[in-house]
$ cat input30.cif   # mmCIF, C-alpha atoms (C1' of nucleotides)
data_upload
#
loop_
_atom_site.label_atom_id
_atom_site.label_comp_id
_atom_site.auth_asym_id
_atom_site.auth_seq_id
_atom_site.Cartn_x
_atom_site.Cartn_y
_atom_site.Cartn_z
CA MET A 19 175.21 143.60 152.73
CA ASN A 20 172.68 146.11 151.48
CA ILE A 21 171.79 146.60 147.86
CA GLY A 22 174.09 149.59 147.34
CA GLU A 23 177.11 147.75 148.56
CA ILE A 24 176.35 144.75 146.35
CA ALA A 25 175.75 147.09 143.43
CA ASP A 26 179.22 148.57 143.89
CA GLN A 27 180.73 145.14 144.24
CA THR A 28 179.12 143.60 141.17
CA GLY A 29 178.93 146.69 139.00
CA LEU A 30 175.22 146.10 138.46
CA PRO A 31 172.81 148.99 139.07
CA ALA A 32 170.63 148.60 142.14
CA LYS A 33 167.58 148.84 139.89
CA THR A 34 168.76 145.86 137.93
CA ILE A 35 169.38 143.85 141.06
CA ARG A 36 165.86 144.60 142.26
CA TYR A 37 164.59 143.53 138.89
CA TYR A 38 166.50 140.24 139.07
CA ASP A 39 164.94 139.70 142.47
CA GLU A 40 161.49 140.48 141.13
CA ILE A 41 161.78 137.91 138.35
CA GLY A 42 163.20 135.32 140.71
CA LEU A 43 166.80 135.10 139.51
CA ILE A 44 167.97 135.75 143.05
CA GLN A 45 166.23 135.47 146.42
CA PRO A 46 168.05 137.66 148.90
CA ALA A 47 166.95 137.57 152.54
CA ARG A 48 165.18 140.50 154.13
CA ASP A 49 166.08 142.43 157.23
CA SER A 50 163.48 143.39 159.81
CA ASN A 51 163.28 146.84 158.22
CA GLY A 52 162.40 145.35 154.84
CA TYR A 53 165.82 145.97 153.31
CA ARG A 54 167.28 143.22 151.16
CA VAL A 55 170.23 141.47 152.77
CA PHE A 56 172.73 139.92 150.38
CA ALA A 57 174.87 136.98 151.40
CA GLN A 58 178.09 136.02 149.68
CA ASN A 59 176.18 133.47 147.65
CA ASP A 60 173.91 136.19 146.27
CA ALA A 61 176.95 138.21 145.31
CA HIS A 62 178.29 135.19 143.46
CA LYS A 63 175.06 134.66 141.61
CA LEU A 64 174.86 138.30 140.60
CA ALA A 65 178.43 138.28 139.32
CA PHE A 66 177.60 135.11 137.37
CA LEU A 67 174.53 136.80 135.91
CA GLY A 68 176.47 139.92 135.05
CA ARG A 69 179.03 137.96 133.11
CA ALA A 70 176.46 135.84 131.33
CA ARG A 71 174.52 138.97 130.33
CA ALA A 72 177.74 140.59 129.13
CA LEU A 73 178.19 137.61 126.83
CA GLY A 74 174.74 138.33 125.44
CA PHE A 75 172.79 135.50 127.03
CA SER A 76 169.14 136.39 127.49
CA ILE A 77 167.57 136.41 130.92
CA GLU A 78 165.92 133.07 130.25
CA GLU A 79 169.20 131.60 129.09
CA CYS A 80 170.80 132.97 132.26
CA ARG A 81 168.12 131.26 134.27
CA LYS A 82 168.97 127.95 132.60
CA LEU A 83 172.70 128.51 133.04
CA MET A 84 172.21 129.21 136.73
CA ALA A 85 170.14 126.07 137.10
CA LEU A 86 172.87 124.05 135.39
CA TYR A 87 175.50 125.72 137.52
CA GLU A 88 173.67 124.72 140.67
CA ASP A 89 172.93 121.21 139.44
CA LYS A 90 176.09 119.39 140.39
CA ALA A 91 174.93 116.35 138.40
CA ARG A 92 174.54 118.29 135.15
CA ALA A 93 176.00 117.07 131.88
CA SER A 94 178.48 119.52 130.36
CA SER A 95 176.85 118.77 126.99
CA ASP A 96 173.75 120.65 128.16
CA VAL A 97 175.80 123.73 128.92
CA LYS A 98 177.71 123.44 125.69
CA ALA A 99 174.52 123.10 123.65
CA LEU A 100 173.11 126.26 125.20
CA ALA A 101 176.32 128.17 124.55
CA GLN A 102 176.58 126.89 120.99
CA GLU A 103 173.06 127.94 120.17
CA HIS A 104 173.74 131.38 121.57
CA LEU A 105 176.99 131.57 119.65
CA ALA A 106 175.12 130.75 116.45
CA ASN A 107 172.69 133.59 117.16
CA ILE A 108 175.54 136.00 117.69
CA GLU A 109 177.14 134.94 114.44
CA ARG A 110 173.87 135.43 112.61
CA LYS A 111 173.54 138.93 114.04
CA ILE A 112 177.09 139.75 113.06
CA ARG A 113 176.43 138.68 109.49
CA GLN A 114 173.29 140.80 109.34
CA LEU A 115 175.13 143.83 110.66
CA GLU A 116 178.02 143.25 108.29
CA GLU A 117 175.61 143.26 105.36
CA MET A 118 174.21 146.56 106.56
CA ARG A 119 177.70 147.95 107.02
CA GLU A 120 178.64 146.84 103.52
CA THR A 121 175.69 148.55 101.88
CA LEU A 122 175.84 151.63 104.05
CA SER A 123 179.54 152.24 103.70
CA HIS A 124 179.25 152.12 99.93
CA LEU A 125 176.39 154.58 100.04
CA VAL A 126 178.20 156.91 102.40
CA ALA A 127 181.30 156.79 100.23
CA SER A 128 179.29 157.68 97.15
CA CYS A 129 177.66 160.75 98.68
CA ALA A 130 179.40 164.06 98.14
CA GLY A 131 178.25 165.42 101.47
CA ASP A 132 178.14 169.02 100.35
CA ASP A 133 175.40 171.64 100.23
CA ARG A 134 173.87 170.36 97.02
CA PRO A 135 170.72 168.23 97.22
CA ASP A 136 171.84 165.32 95.02
CA CYS A 137 172.36 162.30 97.22
CA PRO A 138 172.90 158.68 96.18
CA ILE A 139 171.86 157.53 99.65
CA LEU A 140 168.36 158.89 99.21
CA THR A 141 168.25 157.74 95.60
CA ASP A 142 169.06 154.22 96.68
CA LEU A 143 166.49 154.21 99.45
CA ALA A 144 163.90 155.47 97.03
CA GLN A 145 164.69 153.04 94.23
CA GLY A 146 165.91 149.93 95.97
CA MET B 28 144.80 150.20 96.79
CA ASN B 29 143.81 148.61 100.07
CA ILE B 30 146.22 147.72 102.82
CA GLY B 31 146.52 144.04 101.84
CA GLU B 32 147.54 144.87 98.32
CA ILE B 33 150.12 147.38 99.48
CA ALA B 34 151.39 144.88 102.02
CA ASP B 35 151.97 142.35 99.24
CA GLN B 36 153.61 144.96 97.08
CA THR B 37 155.99 146.30 99.70
CA GLY B 38 156.54 143.11 101.65
CA LEU B 39 155.61 144.91 104.87
CA PRO B 40 152.98 143.32 107.13
CA ALA B 41 149.65 145.13 107.21
CA LYS B 42 150.06 145.53 110.96
CA THR B 43 153.31 147.38 110.42
CA ILE B 44 151.76 149.65 107.83
CA ARG B 45 148.96 150.54 110.25
CA TYR B 46 151.59 151.25 112.86
CA TYR B 47 153.48 153.55 110.51
CA ASP B 48 150.22 155.34 109.87
CA GLU B 49 149.54 155.63 113.59
CA ILE B 50 152.91 157.25 114.28
CA GLY B 51 152.54 159.57 111.32
CA LEU B 52 155.16 158.19 108.93
CA ILE B 53 152.52 157.94 106.24
CA GLN B 54 149.09 159.56 105.82
CA PRO B 55 147.03 157.43 103.47
CA ALA B 56 143.60 158.67 102.43
CA ARG B 57 140.43 157.02 103.67
CA ASP B 58 137.58 155.57 101.68
CA SER B 59 133.97 156.21 102.65
CA ASN B 60 133.92 152.82 104.38
CA GLY B 61 136.86 153.78 106.57
CA TYR B 62 139.37 151.65 104.69
CA ARG B 63 142.80 153.14 104.10
CA VAL B 64 143.39 154.00 100.44
CA PHE B 65 147.01 153.96 99.31
CA ALA B 66 148.20 156.06 96.40
CA GLN B 67 151.37 155.37 94.46
CA ASN B 68 153.15 157.95 96.57
CA ASP B 69 152.30 156.03 99.75
CA ALA B 70 153.64 152.86 98.18
CA HIS B 71 156.86 154.71 97.40
CA LYS B 72 157.18 155.98 100.94
CA LEU B 73 156.56 152.54 102.40
CA ALA B 74 159.18 150.98 100.14
CA PHE B 75 161.58 153.73 101.19
CA LEU B 76 160.84 153.02 104.84
CA GLY B 77 161.23 149.30 104.36
CA ARG B 78 164.66 149.72 102.85
CA ALA B 79 165.79 152.22 105.47
CA ARG B 80 164.61 149.89 108.25
CA ALA B 81 166.39 146.97 106.58
CA LEU B 82 169.58 149.02 106.80
CA GLY B 83 168.96 149.32 110.52
CA PHE B 84 167.86 152.95 110.70
CA SER B 85 165.57 153.60 113.66
CA ILE B 86 162.07 154.87 113.14
CA GLU B 87 163.13 158.37 114.14
CA GLU B 88 166.05 158.25 111.74
CA CYS B 89 163.64 157.09 109.04
CA ARG B 90 161.45 160.06 109.81
CA LYS B 91 164.41 162.37 109.30
CA LEU B 92 165.46 160.59 106.12
CA MET B 93 161.94 160.92 104.72
CA ALA B 94 161.91 164.61 105.58
CA LEU B 95 165.25 165.06 103.80
CA TYR B 96 164.00 163.04 100.87
CA GLU B 97 160.99 165.29 100.52
CA ASP B 98 162.97 168.47 101.02
CA LYS B 99 164.26 169.17 97.52
CA ALA B 100 166.49 171.93 98.90
CA ARG B 101 168.29 169.62 101.33
CA ALA B 102 172.05 169.47 101.60
CA SER B 103 173.46 166.03 100.88
CA SER B 104 175.81 166.60 103.83
CA ASP B 105 172.84 166.28 106.17
CA VAL B 106 171.95 162.89 104.74
CA LYS B 107 175.53 161.77 104.80
CA ALA B 108 175.96 162.81 108.43
CA LEU B 109 172.91 160.80 109.43
CA ALA B 110 174.13 157.76 107.54
CA GLN B 111 177.65 158.05 108.92
CA GLU B 112 176.41 158.23 112.47
CA HIS B 113 174.30 155.17 111.91
CA LEU B 114 177.21 153.38 110.27
CA ALA B 115 179.33 154.14 113.32
CA ASN B 116 176.65 152.62 115.55
CA ILE B 117 176.57 149.50 113.44
CA GLU B 118 180.31 149.19 113.59
CA ARG B 119 180.23 149.57 117.35
CA LYS B 120 177.62 146.82 117.61
CA ILE B 121 179.65 144.56 115.38
CA ARG B 122 182.71 145.02 117.56
CA GLN B 123 180.71 144.20 120.68
CA LEU B 124 179.31 141.06 119.12
CA GLU B 125 182.71 140.03 117.85
CA GLU B 126 184.09 140.29 121.36
CA MET B 127 181.29 138.08 122.60
CA ARG B 128 181.91 135.62 119.79
CA GLU B 129 185.59 135.54 120.62
CA THR B 130 185.06 134.72 124.27
CA LEU B 131 182.19 132.35 123.67
CA SER B 132 183.84 130.35 120.93
CA HIS B 133 186.88 129.77 123.14
CA LEU B 134 184.65 128.63 125.96
CA VAL B 135 182.62 126.34 123.73
CA ALA B 136 185.79 124.85 122.28
CA SER B 137 187.14 124.13 125.75
CA CYS B 138 184.03 122.29 126.94
CA ALA B 139 184.04 118.54 126.51
CA GLY B 140 180.28 118.41 125.98
CA ASP B 141 179.84 114.96 127.43
CA ASP B 142 177.79 113.58 130.32
CA ARG B 143 180.24 114.65 132.99
CA PRO B 144 179.50 117.77 135.02
CA ASP B 145 182.87 119.54 134.64
CA CYS B 146 182.39 122.54 132.42
CA PRO B 147 184.81 125.41 131.75
CA ILE B 148 181.92 127.55 130.53
CA LEU B 149 180.28 127.51 133.93
CA THR B 150 183.61 127.84 135.68
CA ASP B 151 184.39 130.95 133.69
CA LEU B 152 180.98 132.50 134.33
CA ALA B 153 181.40 131.79 138.02
CA GLN B 154 184.92 133.12 138.34
CA GLY B 155 185.19 135.87 135.74
"C1'" DC C 8 118.38 137.09 99.94
"C1'" DC C 9 121.54 134.75 102.74
"C1'" DT C 10 125.63 133.00 104.00
"C1'" DT C 11 130.43 132.27 103.97
"C1'" DG C 12 134.91 133.75 103.91
"C1'" DA C 13 138.25 137.13 103.18
"C1'" DC C 14 139.28 141.53 104.17
"C1'" DC C 15 139.13 145.75 106.77
"C1'" DT C 16 138.63 148.61 111.27
"C1'" DT C 17 139.94 149.88 116.26
"C1'" DC C 18 141.53 148.74 120.78
"C1'" DT C 19 144.17 146.47 124.35
"C1'" DA C 20 147.99 144.06 125.93
"C1'" DG C 21 152.38 141.83 125.53
"C1'" DT C 22 157.36 141.49 124.16
"C1'" DG C 23 162.89 142.22 126.73
"C1'" DA C 24 165.44 144.03 130.03
"C1'" DC C 25 165.62 147.33 132.11
"C1'" DT C 26 165.25 152.68 133.51
"C1'" DG C 27 163.27 157.02 135.48
"C1'" DG C 28 160.58 158.99 138.70
"C1'" DA C 29 157.26 159.59 142.47
"C1'" DA C 30 155.99 158.84 147.12
"C1'" DC C 31 157.39 157.16 151.17
"C1'" DC C 32 160.27 154.85 155.09
"C1'" DT C 33 164.94 154.10 157.67
"C1'" DT C 34 169.40 155.08 159.03
"C1'" DT C 35 173.28 157.97 160.01
"C1'" DA C 36 175.56 162.18 160.92
"C1'" DT C 37 175.46 166.75 162.48
"C1'" DA D 28 165.85 168.20 165.33
"C1'" DT D 29 167.01 167.90 160.87
"C1'" DA D 30 169.09 166.84 156.66
"C1'" DA D 31 171.28 163.70 153.60
"C1'" DA D 32 171.83 159.30 152.00
"C1'" DG D 33 170.13 155.08 151.56
"C1'" DG D 34 166.32 151.80 151.26
"C1'" DT D 35 161.23 150.32 149.75
"C1'" DT D 36 157.20 149.79 146.28
"C1'" DC D 37 154.67 150.90 142.27
"C1'" DC D 38 153.71 153.03 137.81
"C1'" DA D 39 155.06 154.48 133.35
"C1'" DG D 40 158.11 154.60 129.46
"C1'" DT D 41 161.44 152.66 126.18
"C1'" DC D 42 161.46 150.33 120.79
"C1'" DA D 43 159.11 148.56 116.95
"C1'" DC D 44 156.20 145.98 116.39
"C1'" DT D 45 152.87 141.68 117.09
"C1'" DA D 46 148.85 138.84 118.78
"C1'" DG D 47 144.34 138.71 119.50
"C1'" DA D 48 139.58 140.20 120.27
"C1'" DA D 49 135.38 142.29 118.69
"C1'" DG D 50 133.23 144.00 115.10
"C1'" DG D 51 132.16 146.31 110.26
"C1'" DT D 52 132.46 145.54 104.85
"C1'" DC D 53 132.69 143.32 100.51
"C1'" DA D 54 132.48 139.78 96.69
"C1'" DA D 55 131.01 135.30 95.27
"C1'" DG D 56 128.03 131.26 95.35
"C1'" DG D 57 123.61 128.77 96.36
#
$ encode --input "input30.cif" --output "structure tokens"
Amino acid sequence: MNIGEIADQTGLPAKTIRYYDEIGLIQPARDSNGYRVFAQNDAHKLAFLGRARALGFSIEECRKLMALYEDKARASSDVKALAQEHLANIERKIRQLEEMRETLSHLVASCAGDDRPDCPILTDLAQG
Amino acid sequence: MNIGEIADQTGLPAKTIRYYDEIGLIQPARDSNGYRVFAQNDAHKLAFLGRARALGFSIEECRKLMALYEDKARASSDVKALAQEHLANIERKIRQLEEMRETLSHLVASCAGDDRPDCPILTDLAQG
DNA sequence: CCTTGACCTTCTAGTGACTGGAACCTTTAT
DNA sequence: ATAAAGGTTCCAGTCACTAGAAGGTCAAGG
């Protein structure tokens, strides 16, 4: 399979697939014309990567997950630890964003939003 | 005031303040020795920027907010629109992260986390 | 006066994970 | 023969800093 076909199959842009190749996440074979040739195993790996990325794992975390996936003697505790750490990061981000939402929604609600210049949003930003 | 003093006062790193100068968010005066000299107005602007950034506004949004702040003939509706758009972005991000949290926490809960290799997290990533 | 240390300056390069675009080659269809 | 569609590499840009190098300036102590 060529890169376009695999892109359609996995939903990943061809550019992204080339990038994953460049950083060594996948190692597709090459045809005599220089085109990348993707085997079923590459398709699997890319789908795996796509799902891990969709869950917010960083590229380096994906690299570790792939290594664990391919290590048939892994301990599930290693996978779980990685996922738990990532989950904690996500929860921290959510809390940060919720704080912002809290503050911002109050500010937005307090602003008349008309053609007069008085604006509690700006006042708050200016005064703290 | 020199950059270190203003950094202490605003809580922003000196590097960040230099960066804000470089991209034109502030225009501090210069002493004969080349040092930046910060007036009270610069301190105000930096505090304003710090708070806007803490609420997640992008640099470009901060630039617009500053312009509105300095335009005494602004309409508060312009400020409100900017803030509402940003609030919508934050809410979208929160929803995305919450989806990730949902999926991930289920996966983590289902993984034994022992020294055996069987792991539903990896199985899910592999199968979708 | 000299040195030491803290402070300031600019410049370059790196971060993460792509993305856009240029310049060029290969394949397929007409 | 040619045109379109696909592939290749390489370079630059994104965002908001941040690290570090090389060097100038200033205040205090010996």
$ closest_residue --input "input30.cif" --among "B:Phe75, B:Val135, B:Val64, B:Ile50" --to "Ile139 of chain A" --atoms "all atoms listed in the file"
B:Phe75
$ resolve_selection --input "input30.cif" --expression "the PyMOL selection byres ((chain C) within 10 of (chain A))" --output "PyMOL selection string"
chain C and resi 23-26+32-33
$ resolve_selection --input "input30.cif" --expression "the PyMOL selection byres ((chain D) within 12 of (chain A))" --output "JSON, numbers by chain"
{"D": [32, 33, 34, 35, 36]}
$ resolve_selection --input "input30.cif" --expression "the PyMOL selection byres ((chain A) within 6 of (chain B))" --output "list of chain:residue names"
A:Phe66, A:Arg69, A:Leu73, A:Ala91, A:Arg92, A:Ala93, A:Ser94, A:Ser95, A:Lys98, A:Ile112, A:Met118, A:Gly131, A:Asp132, A:Asp133, A:Arg134, A:Pro135, A:Cys137, A:Leu143, A:Ala144
$ atom_distance --input "input30.cif" --atom1 "atom C1' of DG12 of chain C" --atom2 "atom CA of Asp48 of chain B"
27.1 Å
$ closest_residue --input "input30.cif" --among "D:DC42, D:DA48, D:DA30, D:DC37" --to "DA20 of chain C" --atoms "all atoms listed in the file"
D:DA48
$ atom_distance --input "input30.cif" --atom1 "atom CA of Ile33 of chain B" --atom2 "atom CA of Ala56 of chain B"
13.4 Å
$ atom_distance --input "input30.cif" --atom1 "atom CA of Pro40 of chain B" --atom2 "atom CA of Ile53 of chain B"
14.7 Å
$ closest_residue --input "input30.cif" --among "B:Met28, B:Gln54, B:Ser59, B:Thr37" --to "DT52 of chain D" --atoms "all atoms listed in the file"
B:Ser59
